[in-house]
$ cat start-v6.tsv   # TSV, C-alpha atoms
chain	number	residue	atom	x	y	z
F	1272	MET	CA	0.00	0.00	0.00
F	1273	ARG	CA	1.27	3.42	-1.00
F	1274	THR	CA	-0.15	5.00	2.18
F	1275	LEU	CA	1.57	2.50	4.48
F	1276	LYS	CA	4.82	2.94	2.62
F	1277	ARG	CA	4.65	6.72	3.02
F	1278	LEU	CA	3.86	6.37	6.73
F	1279	LEU	CA	6.88	4.13	7.28
F	1280	SER	CA	9.14	6.38	5.21
F	1281	ALA	CA	8.06	9.40	7.29
F	1282	ILE	CA	9.35	7.91	10.55
F	1283	PRO	CA	13.09	8.36	9.74
F	1284	SER	CA	12.32	11.88	8.50
F	1285	ILE	CA	10.66	12.83	11.78
F	1286	ILE	CA	13.56	11.33	13.75
F	1287	GLY	CA	15.98	13.34	11.62
F	1288	ILE	CA	13.96	16.52	12.17
F	1289	VAL	CA	13.99	15.98	15.95
F	1290	ILE	CA	17.79	15.57	15.98
F	1291	LEU	CA	18.45	18.45	13.60
F	1292	THR	CA	16.15	20.84	15.46
F	1293	PHE	CA	17.76	19.99	18.79
F	1294	VAL	CA	21.26	20.62	17.43
F	1295	LEU	CA	20.36	23.84	15.60
F	1296	THR	CA	18.61	25.39	18.61
F	1297	ARG	CA	21.75	24.78	20.67
F	1298	LEU	CA	23.89	26.45	18.01
F	1299	LEU	CA	21.82	29.64	17.97
F	1300	PRO	CA	23.54	32.77	19.29
F	1301	GLY	CA	22.49	34.02	22.68
F	1302	ASP	CA	22.38	32.59	26.17
F	1303	PRO	CA	18.85	31.81	27.41
F	1304	ALA	CA	20.13	31.60	31.00
F	1305	ALA	CA	21.50	35.15	30.81
F	1306	TYR	CA	18.32	36.42	29.16
F	1307	PHE	CA	15.94	34.97	31.75
F	1308	ALA	CA	18.18	35.83	34.67
F	1309	GLY	CA	17.77	39.50	33.74
F	1310	PRO	CA	20.13	42.36	32.82
F	1311	ALA	CA	21.17	42.93	36.44
F	1312	ALA	CA	22.02	39.30	37.12
F	1313	THR	CA	25.38	38.29	38.52
F	1314	PRO	CA	27.47	35.47	36.98
F	1315	GLU	CA	26.51	33.29	39.95
F	1316	SER	CA	22.76	33.82	39.40
F	1317	ILE	CA	23.15	33.19	35.67
F	1318	GLU	CA	24.93	29.93	36.41
F	1319	GLU	CA	22.15	28.99	38.83
F	1320	VAL	CA	19.52	29.58	36.13
F	1321	ARG	CA	21.60	27.57	33.68
F	1322	THR	CA	21.65	24.67	36.14
F	1323	GLN	CA	17.89	24.90	36.66
F	1324	LEU	CA	17.35	24.76	32.90
F	1325	GLY	CA	19.66	21.79	32.52
F	1326	LEU	CA	21.94	23.75	30.19
F	1327	ASP	CA	25.00	22.96	32.30
F	1328	LYS	CA	24.88	19.36	31.07
F	1329	SER	CA	26.66	18.10	27.99
F	1330	LEU	CA	24.76	18.08	24.68
F	1331	PRO	CA	24.35	14.28	24.67
F	1332	ALA	CA	22.93	14.41	28.19
F	1333	GLN	CA	20.53	17.21	27.21
F	1334	PHE	CA	19.45	15.22	24.16
F	1335	VAL	CA	18.75	12.12	26.27
F	1336	ASP	CA	16.62	14.24	28.62
F	1337	TYR	CA	14.74	15.71	25.65
F	1338	ILE	CA	14.04	12.31	24.07
F	1339	SER	CA	12.94	10.87	27.42
F	1340	ALA	CA	10.46	13.71	27.87
F	1341	LEU	CA	9.34	13.44	24.24
F	1342	ALA	CA	8.54	9.75	24.73
F	1343	LYS	CA	6.06	10.88	27.40
F	1344	LEU	CA	4.59	13.50	24.99
F	1345	ASP	CA	6.20	16.19	27.13
F	1346	LEU	CA	7.56	18.99	24.94
F	1347	GLY	CA	8.90	20.92	27.90
F	1348	ARG	CA	7.95	24.28	29.34
F	1349	SER	CA	8.16	27.67	27.69
F	1350	LEU	CA	10.38	30.03	29.65
F	1351	SER	CA	8.63	33.02	28.06
F	1352	SER	CA	5.04	32.14	28.97
F	1353	GLY	CA	5.72	29.85	31.92
F	1354	GLN	CA	3.26	27.37	30.45
F	1355	SER	CA	3.66	23.87	29.06
F	1356	VAL	CA	4.61	23.95	25.37
F	1357	VAL	CA	1.85	21.43	24.66
F	1358	ASP	CA	-0.72	23.76	26.26
F	1359	ASP	CA	0.64	26.80	24.40
F	1360	LEU	CA	0.58	25.00	21.04
F	1361	ALA	CA	-2.90	23.62	21.66
F	1362	ALA	CA	-4.19	27.11	22.52
F	1363	ARG	CA	-2.64	28.72	19.43
F	1364	LEU	CA	-3.08	25.96	16.85
F	1365	PRO	CA	-6.77	26.71	16.06
F	1366	ALA	CA	-5.83	30.27	15.06
F	1367	THR	CA	-3.18	28.95	12.68
F	1368	LEU	CA	-5.51	26.32	11.21
F	1369	GLU	CA	-8.33	28.83	10.75
F	1370	LEU	CA	-6.02	31.12	8.79
F	1371	THR	CA	-4.37	28.34	6.80
F	1372	LEU	CA	-7.55	26.46	5.90
F	1373	GLY	CA	-9.28	29.71	4.96
F	1374	ALA	CA	-6.43	30.53	2.59
F	1375	LEU	CA	-6.47	26.99	1.18
F	1376	ILE	CA	-10.21	27.17	0.45
F	1377	VAL	CA	-9.84	30.50	-1.35
F	1378	ALA	CA	-6.75	29.36	-3.26
F	1379	THR	CA	-8.40	26.09	-4.31
F	1380	MET	CA	-11.64	27.68	-5.49
F	1381	LEU	CA	-9.92	30.45	-7.44
F	1382	GLY	CA	-7.13	28.18	-8.68
F	1383	ILE	CA	-9.47	25.53	-10.08
F	1384	SER	CA	-11.66	28.22	-11.65
F	1385	LEU	CA	-8.66	29.89	-13.31
F	1386	GLY	CA	-7.30	26.53	-14.43
F	1387	PHE	CA	-10.65	25.57	-15.93
F	1388	GLY	CA	-10.84	28.80	-17.89
F	1389	ALA	CA	-7.24	28.48	-19.09
F	1390	ALA	CA	-7.76	24.87	-20.20
F	1391	LEU	CA	-10.99	25.62	-22.07
F	1392	ARG	CA	-9.48	28.64	-23.84
F	1393	PRO	CA	-5.73	28.01	-24.32
F	1394	GLY	CA	-3.99	31.22	-25.30
F	1395	GLY	CA	-7.03	33.34	-24.39
F	1396	TRP	CA	-7.34	35.92	-21.64
F	1397	PRO	CA	-8.08	33.32	-18.89
F	1398	ASP	CA	-4.83	31.59	-19.81
F	1399	ARG	CA	-2.89	34.87	-19.65
F	1400	LEU	CA	-4.55	35.76	-16.35
F	1401	CYS	CA	-3.58	32.35	-14.98
F	1402	ASP	CA	0.05	32.97	-15.95
F	1403	ALA	CA	0.04	36.45	-14.42
F	1404	VAL	CA	-1.43	35.29	-11.11
F	1405	THR	CA	1.01	32.40	-10.95
F	1406	VAL	CA	4.03	34.66	-11.50
F	1407	LEU	CA	2.74	37.23	-8.99
F	1408	GLY	CA	2.07	34.68	-6.26
F	1409	GLN	CA	5.38	32.88	-6.64
F	1410	ALA	CA	7.65	35.90	-7.21
F	1411	MET	CA	6.46	38.09	-4.33
F	1412	PRO	CA	7.43	37.02	-0.78
F	1413	THR	CA	4.45	36.51	1.50
F	1414	PHE	CA	5.64	38.99	4.15
F	1415	PHE	CA	6.15	41.70	1.52
F	1416	LEU	CA	2.75	41.02	-0.04
F	1417	GLY	CA	1.15	41.16	3.41
F	1418	LEU	CA	2.82	44.49	4.20
F	1419	LEU	CA	1.76	45.83	0.80
F	1420	LEU	CA	-1.87	44.87	1.39
F	1421	VAL	CA	-1.79	46.44	4.86
F	1422	PHE	CA	-0.31	49.64	3.45
F	1423	VAL	CA	-2.91	49.92	0.69
F	1424	PHE	CA	-6.11	48.69	2.33
F	1425	TYR	CA	-5.51	49.76	5.93
F	1426	TYR	CA	-3.23	52.79	5.78
F	1427	LEU	CA	-4.20	54.42	2.45
F	1428	LEU	CA	-7.82	53.39	1.91
F	1429	GLY	CA	-8.92	52.60	5.46
F	1430	TRP	CA	-11.04	49.67	4.28
F	1431	ALA	CA	-9.40	46.99	6.41
F	1432	PRO	CA	-9.13	46.84	10.21
F	1433	ALA	CA	-5.81	47.23	11.99
F	1434	PRO	CA	-3.60	44.15	11.57
F	1435	MET	CA	-3.65	43.34	15.27
F	1436	GLY	CA	-4.88	39.82	15.84
F	1437	ARG	CA	-8.08	37.86	15.35
F	1438	LEU	CA	-10.59	40.46	16.55
F	1439	GLU	CA	-10.65	44.22	17.09
F	1440	ILE	CA	-10.79	45.52	20.65
F	1441	PHE	CA	-14.34	46.78	20.07
F	1442	TYR	CA	-15.64	43.21	20.22
F	1443	SER	CA	-15.50	40.70	23.03
F	1444	SER	CA	-13.75	37.42	22.30
F	1445	PRO	CA	-16.15	34.48	21.88
F	1446	THR	CA	-16.33	31.59	24.30
F	1447	GLU	CA	-14.04	29.04	22.71
F	1448	VAL	CA	-15.75	25.80	21.75
F	1449	THR	CA	-13.87	24.79	18.62
F	1450	GLY	CA	-11.08	27.37	18.75
F	1451	PHE	CA	-12.17	28.57	15.29
F	1452	TRP	CA	-13.60	32.00	16.03
F	1453	THR	CA	-15.67	32.07	12.85
F	1454	LEU	CA	-17.55	29.06	14.21
F	1455	ASP	CA	-17.48	30.06	17.87
F	1456	THR	CA	-19.06	33.46	17.20
F	1457	LEU	CA	-21.86	31.76	15.25
F	1458	ILE	CA	-22.38	29.19	18.01
F	1459	GLU	CA	-22.58	32.08	20.46
F	1460	GLY	CA	-24.99	33.91	18.16
F	1461	ASN	CA	-22.82	37.04	18.08
F	1462	VAL	CA	-23.25	38.22	14.49
F	1463	ASP	CA	-21.29	41.45	14.99
F	1464	ALA	CA	-18.28	39.58	16.34
F	1465	PHE	CA	-18.56	37.10	13.45
F	1466	ARG	CA	-18.34	39.96	10.97
F	1467	GLY	CA	-15.41	41.37	12.91
F	1468	VAL	CA	-13.58	38.01	12.74
F	1469	LEU	CA	-14.17	37.83	8.98
F	1470	ARG	CA	-12.84	41.37	8.52
F	1471	GLN	CA	-9.65	40.44	10.38
F	1472	LEU	CA	-9.28	37.29	8.29
F	1473	VAL	CA	-9.57	38.89	4.86
F	1474	LEU	CA	-6.08	40.35	4.36
F	1475	PRO	CA	-4.01	37.49	5.86
F	1476	VAL	CA	-6.15	34.93	4.00
F	1477	VAL	CA	-5.70	36.79	0.70
F	1478	THR	CA	-1.94	37.04	1.33
F	1479	LEU	CA	-1.60	33.29	1.84
F	1480	ALA	CA	-4.11	32.42	-0.88
F	1481	LEU	CA	-2.17	34.36	-3.53
F	1482	PHE	CA	0.93	32.41	-2.53
F	1483	GLY	CA	-0.84	29.05	-3.05
F	1484	LEU	CA	-3.07	29.98	-5.96
F	1485	GLY	CA	-0.54	29.60	-8.78
F	1486	PRO	CA	0.39	25.90	-8.43
F	1487	ILE	CA	-3.27	24.85	-8.20
F	1488	ALA	CA	-4.23	26.90	-11.25
F	1489	ARG	CA	-1.32	25.60	-13.32
F	1490	MET	CA	-1.90	21.97	-12.38
F	1491	THR	CA	-5.63	22.26	-13.09
F	1492	ARG	CA	-4.86	23.69	-16.51
F	1493	THR	CA	-2.22	21.07	-17.32
F	1494	ALA	CA	-4.24	18.09	-16.09
F	1495	LEU	CA	-7.43	19.19	-17.86
F	1496	LEU	CA	-5.66	19.90	-21.14
F	1497	GLU	CA	-4.11	16.44	-21.09
F	1498	VAL	CA	-7.46	14.75	-20.45
F	1499	LEU	CA	-9.39	16.92	-22.92
F	1500	ARG	CA	-6.99	15.86	-25.67
F	1501	GLY	CA	-7.38	12.17	-24.77
F	1502	ASP	CA	-9.35	9.43	-26.50
F	1503	SER	CA	-12.03	9.14	-23.79
F	1504	VAL	CA	-13.16	12.74	-24.24
F	1505	ARG	CA	-13.17	12.47	-28.02
F	1506	THR	CA	-15.23	9.27	-27.80
F	1507	ALA	CA	-17.69	10.84	-25.37
F	1508	ARG	CA	-18.18	13.81	-27.69
F	1509	ALA	CA	-18.60	11.48	-30.67
F	1510	PHE	CA	-21.47	9.75	-28.84
F	1511	GLY	CA	-23.22	13.11	-28.53
F	1512	LEU	CA	-22.92	13.59	-24.77
F	1513	SER	CA	-23.53	17.11	-23.49
F	1514	SER	CA	-20.56	19.40	-22.99
F	1515	ARG	CA	-21.26	19.63	-19.26
F	1516	LYS	CA	-21.27	15.84	-18.82
F	1517	VAL	CA	-18.12	15.47	-20.90
F	1518	LEU	CA	-16.36	18.21	-18.90
F	1519	TRP	CA	-17.26	16.97	-15.41
F	1520	THR	CA	-17.42	13.19	-15.87
F	1521	TYR	CA	-14.83	12.46	-18.54
F	1522	ALA	CA	-12.42	15.37	-17.99
F	1523	PHE	CA	-12.48	16.71	-14.42
F	1524	LEU	CA	-12.75	13.41	-12.53
F	1525	PRO	CA	-9.68	11.85	-14.22
F	1526	ALA	CA	-7.79	15.09	-13.59
F	1527	ALA	CA	-8.88	15.27	-9.95
F	1528	VAL	CA	-6.04	13.15	-8.52
F	1529	PRO	CA	-3.12	15.35	-9.70
F	1530	ILE	CA	-5.11	18.44	-8.70
F	1531	LEU	CA	-5.73	16.93	-5.26
F	1532	ASN	CA	-2.04	16.11	-4.85
F	1533	THR	CA	-1.19	19.72	-5.70
F	1534	VAL	CA	-3.72	21.00	-3.16
F	1535	GLY	CA	-2.03	18.83	-0.52
F	1536	MET	CA	1.37	20.18	-1.51
F	1537	VAL	CA	0.06	23.75	-1.30
F	1538	LEU	CA	-1.39	23.09	2.17
F	1539	SER	CA	2.05	21.93	3.32
F	1540	PHE	CA	3.59	25.10	1.88
F	1541	LEU	CA	0.98	27.29	3.56
F	1542	LEU	CA	1.69	25.76	6.96
F	1543	GLY	CA	5.26	27.01	6.60
F	1544	ALA	CA	4.48	30.32	4.91
F	1545	ASN	CA	2.00	31.40	7.57
F	1546	VAL	CA	4.84	31.93	10.06
F	1547	LEU	CA	5.78	35.32	8.59
F	1548	VAL	CA	2.17	36.18	7.73
F	1549	GLU	CA	1.20	35.73	11.37
F	1550	LYS	CA	3.89	38.18	12.44
F	1551	VAL	CA	2.85	40.75	9.84
F	1552	PHE	CA	-0.79	40.67	10.93
F	1553	GLY	CA	-0.25	40.12	14.66
F	1554	TRP	CA	-1.98	36.76	14.36
F	1555	PRO	CA	-1.66	34.72	17.60
F	1556	GLY	CA	-0.85	31.39	15.97
F	1557	VAL	CA	1.87	28.81	16.48
F	1558	GLY	CA	4.12	30.46	13.88
F	1559	ALA	CA	4.25	33.76	15.74
F	1560	TYR	CA	4.76	31.81	18.97
F	1561	ALA	CA	7.79	30.05	17.49
F	1562	ILE	CA	9.36	33.28	16.21
F	1563	GLU	CA	8.86	35.05	19.54
F	1564	SER	CA	10.48	32.12	21.33
F	1565	LEU	CA	13.33	31.97	18.84
F	1566	LEU	CA	14.19	35.63	19.43
F	1567	VAL	CA	14.80	34.96	23.14
F	1568	SER	CA	16.51	31.57	22.63
F	1569	ASP	CA	13.62	29.72	24.25
F	1570	PHE	CA	14.41	26.25	22.92
F	1571	ALA	CA	11.40	24.16	23.93
F	1572	PRO	CA	8.70	26.08	21.98
F	1573	VAL	CA	10.84	26.13	18.82
F	1574	GLN	CA	11.44	22.38	19.04
F	1575	GLY	CA	7.75	21.77	19.71
F	1576	PHE	CA	6.70	23.92	16.77
F	1577	VAL	CA	9.03	22.16	14.32
F	1578	LEU	CA	7.90	18.74	15.51
F	1579	LEU	CA	4.25	19.78	15.23
F	1580	MET	CA	4.77	20.99	11.65
F	1581	ALA	CA	6.54	17.74	10.74
F	1582	VAL	CA	3.68	15.63	12.12
F	1583	MET	CA	1.09	17.81	10.37
F	1584	TYR	CA	3.00	17.51	7.10
F	1585	VAL	CA	2.93	13.72	7.35
F	1586	ALA	CA	-0.76	13.78	8.29
F	1587	VAL	CA	-1.62	16.01	5.31
F	1588	ASN	CA	0.17	13.72	2.89
F	1589	LEU	CA	-1.48	10.61	4.32
F	1590	GLY	CA	-4.89	12.28	4.08
F	1591	ILE	CA	-4.23	13.21	0.45
F	1592	ASP	CA	-3.20	9.61	-0.30
F	1593	LEU	CA	-6.44	8.29	1.20
F	1594	LEU	CA	-8.56	10.76	-0.76
F	1595	ALA	CA	-6.69	9.98	-3.97
F	1596	ALA	CA	-7.26	6.26	-3.40
F	1597	ALA	CA	-10.98	6.89	-2.89
F	1598	ILE	CA	-11.18	8.84	-6.17
F	1599	ASP	CA	-8.96	6.51	-8.21
F	1600	PRO	CA	-8.40	2.98	-6.76
F	1601	ARG	CA	-5.37	2.56	-9.03
F	1602	THR	CA	-3.39	4.85	-6.70
F	1603	ARG	CA	-3.67	2.34	-3.86
F	1604	VAL	CA	-0.96	0.23	-5.42
F	1605	ASP	CA	2.47	1.58	-6.26
F	1606	GLY	CA	3.35	1.80	-9.92
$ encode --input "start-v6.tsv" --output "structure tokens"
Amino acid sequence: MRTLKRLLSAIPSIIGIVILTFVLTRLLPGDPAAYFAGPAATPESIEEVRTQLGLDKSLPAQFVDYISALAKLDLGRSLSSGQSVVDDLAARLPATLELTLGALIVATMLGISLGFGAALRPGGWPDRLCDAVTVLGQAMPTFFLGLLLVFVFYYLLGWAPAPMGRLEIFYSSPTEVTGFWTLDTLIEGNVDAFRGVLRQLVLPVVTLALFGLGPIARMTRTALLEVLRGDSVRTARAFGLSSRKVLWTYAFLPAAVPILNTVGMVLSFLLGANVLVEKVFGWPGVGAYAIESLLVSDFAPVQGFVLLMAVMYVAVNLGIDLLAAAIDPRTRVDG
């Protein structure tokens, strides 16, 4: 089974990521003991903090301690927040997923639509628009695009709210049920807060969506063109089937698997790209949490974030494999 093979192949990758992350965090400049001891700390107090953090041990001993804790699903404690890293990640993950999935939905809908238009009219204006959007999304860094959108729509035009988190201060935060504030505000029946959440989501979602739009549009165009030029479509048209039936049954469904694989790849990219987008828009997700921890040499949150992203990457790819197998049973077997 292709899915089982991918799961087994992911295990060495995750082990490698754990080792590499541990080593790189220890090589970062800065002394966390000196930072958390404070600017007025004496060398003796700094050494005491270093002992409390376990940083006085050798690297192999620190690694053994880390792996032992990891085996118990203990990612350590954040020195910045004073909370368990697991609790911090669990509290911030819904914000990241809400932003990322929102961007994926927008990118998929627009990308498939653009790809459809480009495939049905090769060389026409939909095809040229597809090329332009692809180049724009891939050539412009996400943080720069985010800053540009903030400058235009918030600073110049005043259409967008301030890029300061998930909800403006004029609204009260909803009681968290799912962690997705778009859903929680609806569950609470707070329509005004729901609109406020959507307003805060627009710019960061558009920023990420433009980054992921191009690959989906190009793959949709390529896959559809290949199928439309195939024998099955020509035969279906020769039998007098309607254009709509030919397009959806004999063209789109066979092209769905490569499109789905591209959507999965884009989701993996978005999970990484949202780190800088969260900082630009003050979004309280796991990406911003990792950057804030990295700046103060707080090792545990950075290691927890990288491990979380690795596990999510594997989960996304396994989910895509299962969906692809449901659409086309031939993908269940390698080759």
$ atom_distance --input "start-v6.tsv" --atom1 "CA of Cys1401 in chain F" --atom2 "CA of Leu1481 in chain F"
11.7 Å
$ closest_residue --input "start-v6.tsv" --among "F:Ala1433, F:Ile1376, F:Leu1542, F:Val1404" --to "Met1583 in chain F" --atoms "only C-alpha atoms"
F:Leu1542
$ closest_atom_pairs --input "start-v6.tsv" --of "range 1380-1475 of chain F" --to "range 1356-1371 of chain F" --cutoff "12 Å" --atoms "only C-alpha atoms" --output "Markdown table"
| residue | atom | partner | partner_atom | distance |
| --- | --- | --- | --- | --- |
| F:Gly1436 | CA | F:Ala1366 | CA | 9.6 |
| F:Arg1437 | CA | F:Ala1366 | CA | 7.9 |
| F:Leu1438 | CA | F:Ala1366 | CA | 11.3 |
| F:Glu1447 | CA | F:Ala1362 | CA | 10.0 |
| F:Val1448 | CA | F:Pro1365 | CA | 10.7 |
| F:Thr1449 | CA | F:Pro1365 | CA | 7.8 |
| F:Gly1450 | CA | F:Pro1365 | CA | 5.1 |
| F:Phe1451 | CA | F:Pro1365 | CA | 5.8 |
| F:Trp1452 | CA | F:Ala1366 | CA | 8.0 |
| F:Thr1453 | CA | F:Glu1369 | CA | 8.3 |
| F:Leu1454 | CA | F:Glu1369 | CA | 9.9 |
| F:Asp1455 | CA | F:Pro1365 | CA | 11.4 |
| F:Val1468 | CA | F:Glu1369 | CA | 10.8 |
| F:Leu1469 | CA | F:Leu1370 | CA | 10.6 |
| F:Gln1471 | CA | F:Leu1370 | CA | 10.1 |
| F:Leu1472 | CA | F:Leu1370 | CA | 7.0 |
| F:Val1473 | CA | F:Leu1370 | CA | 9.4 |
| F:Leu1474 | CA | F:Leu1370 | CA | 10.2 |
| F:Pro1475 | CA | F:Leu1370 | CA | 7.3 |
$ closest_residue --input "start-v6.tsv" --among "F:Leu1391, F:Ala1305, F:Leu1418, F:Val1534" --to "Leu1518 in chain F" --atoms "only C-alpha atoms"
F:Leu1391
$ closest_residue --input "start-v6.tsv" --among "F:Leu1594, F:Leu1326, F:Val1557, F:Val1289" --to "Gly1535 in chain F" --atoms "all atoms listed in the file"
F:Leu1594
$ residues_around --input "start-v6.tsv" --residues "Ala1488 in chain F" --least-positions-apart "2" --cutoff "12 Å" --atoms "all atoms listed in the file" --output "NGL selection string"
:F and (1377-1390 or 1397-1406 or 1408 or 1480-1486 or 1490-1495 or 1529-1531 or 1533-1534 or 1537)
$ closest_residue --input "start-v6.tsv" --among "F:Thr1506, F:Thr1478, F:Ser1352, F:Ser1539" --to "Gln1409 in chain F" --atoms "only C-alpha atoms"
F:Thr1478
$ closest_residue --input "start-v6.tsv" --among "F:Ala1340, F:Val1462, F:Leu1457, F:Leu1547" --to "Tyr1442 in chain F" --atoms "only C-alpha atoms"
F:Val1462
$ atom_distance --input "start-v6.tsv" --atom1 "CA of Arg1297 in chain F" --atom2 "CA of Trp1554 in chain F"
27.3 Å
$ closest_residue --input "start-v6.tsv" --among "F:Ala1312, F:Leu1524, F:Leu1479, F:Ile1598" --to "Gly1543 in chain F" --atoms "all atoms listed in the file"
F:Leu1479
$ decode --input "start-v6.tsv" --residues "range 1489-1497 of chain F" --atoms "all heavy atoms" --output "JSON list (two decimals), in the first residue's frame"
[["chain", "number", "residue", "atom", "x", "y", "z"],
["F", 1489, "ARG", "N", -2.13, 26.19, -12.26],
["F", 1489, "ARG", "CA", -1.32, 25.60, -13.32],
["F", 1489, "ARG", "C", -1.55, 24.09, -13.45],
["F", 1489, "ARG", "O", -1.65, 23.55, -14.55],
["F", 1489, "ARG", "CB", 0.16, 25.86, -13.07],
["F", 1489, "ARG", "CG", 0.56, 27.32, -13.06],
["F", 1489, "ARG", "CD", 0.16, 28.03, -14.34],
["F", 1489, "ARG", "NE", 0.76, 27.45, -15.54],
["F", 1489, "ARG", "CZ", 0.48, 27.81, -16.77],
["F", 1489, "ARG", "NH1", -0.44, 28.75, -16.97],
["F", 1489, "ARG", "NH2", 1.07, 27.26, -17.79],
["F", 1490, "MET", "N", -1.66, 23.40, -12.31],
["F", 1490, "MET", "CA", -1.90, 21.97, -12.38],
["F", 1490, "MET", "C", -3.28, 21.65, -12.93],
["F", 1490, "MET", "O", -3.45, 20.70, -13.71],
["F", 1490, "MET", "CB", -1.73, 21.35, -10.98],
["F", 1490, "MET", "CG", -2.03, 19.84, -10.95],
["F", 1490, "MET", "SD", -1.07, 18.90, -12.18],
["F", 1490, "MET", "CE", 0.57, 19.01, -11.49],
["F", 1491, "THR", "N", -4.29, 22.46, -12.54],
["F", 1491, "THR", "CA", -5.63, 22.26, -13.09],
["F", 1491, "THR", "C", -5.62, 22.43, -14.60],
["F", 1491, "THR", "O", -6.20, 21.62, -15.34],
["F", 1491, "THR", "CB", -6.63, 23.25, -12.46],
["F", 1491, "THR", "OG1", -6.63, 23.08, -11.05],
["F", 1491, "THR", "CG2", -8.03, 23.04, -12.99],
["F", 1492, "ARG", "N", -4.95, 23.46, -15.07],
["F", 1492, "ARG", "CA", -4.86, 23.69, -16.51],
["F", 1492, "ARG", "C", -4.16, 22.53, -17.22],
["F", 1492, "ARG", "O", -4.65, 21.99, -18.22],
["F", 1492, "ARG", "CB", -4.11, 25.00, -16.78],
["F", 1492, "ARG", "CG", -3.89, 25.31, -18.26],
["F", 1492, "ARG", "CD", -2.96, 26.48, -18.44],
["F", 1492, "ARG", "NE", -2.79, 26.83, -19.85],
["F", 1492, "ARG", "CZ", -1.96, 26.21, -20.68],
["F", 1492, "ARG", "NH1", -1.22, 25.20, -20.23],
["F", 1492, "ARG", "NH2", -1.88, 26.58, -21.94],
["F", 1493, "THR", "N", -3.01, 22.12, -16.68],
["F", 1493, "THR", "CA", -2.22, 21.07, -17.32],
["F", 1493, "THR", "C", -2.97, 19.74, -17.34],
["F", 1493, "THR", "O", -3.03, 19.05, -18.37],
["F", 1493, "THR", "CB", -0.87, 20.90, -16.59],
["F", 1493, "THR", "OG1", -0.17, 22.15, -16.62],
["F", 1493, "THR", "CG2", -0.03, 19.83, -17.23],
["F", 1494, "ALA", "N", -3.55, 19.37, -16.19],
["F", 1494, "ALA", "CA", -4.24, 18.09, -16.09],
["F", 1494, "ALA", "C", -5.48, 18.05, -16.99],
["F", 1494, "ALA", "O", -5.75, 17.05, -17.67],
["F", 1494, "ALA", "CB", -4.63, 17.81, -14.64],
["F", 1495, "LEU", "N", -6.23, 19.16, -17.03],
["F", 1495, "LEU", "CA", -7.43, 19.19, -17.86],
["F", 1495, "LEU", "C", -7.09, 19.17, -19.35],
["F", 1495, "LEU", "O", -7.76, 18.48, -20.13],
["F", 1495, "LEU", "CB", -8.27, 20.43, -17.53],
["F", 1495, "LEU", "CG", -9.18, 20.33, -16.31],
["F", 1495, "LEU", "CD1", -9.86, 21.66, -16.05],
["F", 1495, "LEU", "CD2", -10.23, 19.24, -16.51],
["F", 1496, "LEU", "N", -6.06, 19.91, -19.73],
["F", 1496, "LEU", "CA", -5.66, 19.90, -21.14],
["F", 1496, "LEU", "C", -5.25, 18.50, -21.59],
["F", 1496, "LEU", "O", -5.61, 18.06, -22.70],
["F", 1496, "LEU", "CB", -4.50, 20.87, -21.37],
["F", 1496, "LEU", "CG", -4.86, 22.34, -21.55],
["F", 1496, "LEU", "CD1", -3.61, 23.18, -21.67],
["F", 1496, "LEU", "CD2", -5.75, 22.54, -22.77],
["F", 1497, "GLU", "N", -4.54, 17.79, -20.74],
["F", 1497, "GLU", "CA", -4.11, 16.44, -21.09],
["F", 1497, "GLU", "C", -5.30, 15.51, -21.27],
["F", 1497, "GLU", "O", -5.35, 14.71, -22.21],
["F", 1497, "GLU", "CB", -3.17, 15.90, -20.00],
["F", 1497, "GLU", "CG", -2.62, 14.52, -20.31],
["F", 1497, "GLU", "CD", -1.65, 14.04, -19.25],
["F", 1497, "GLU", "OE1", -1.24, 14.86, -18.40],
["F", 1497, "GLU", "OE2", -1.31, 12.84, -19.26]]
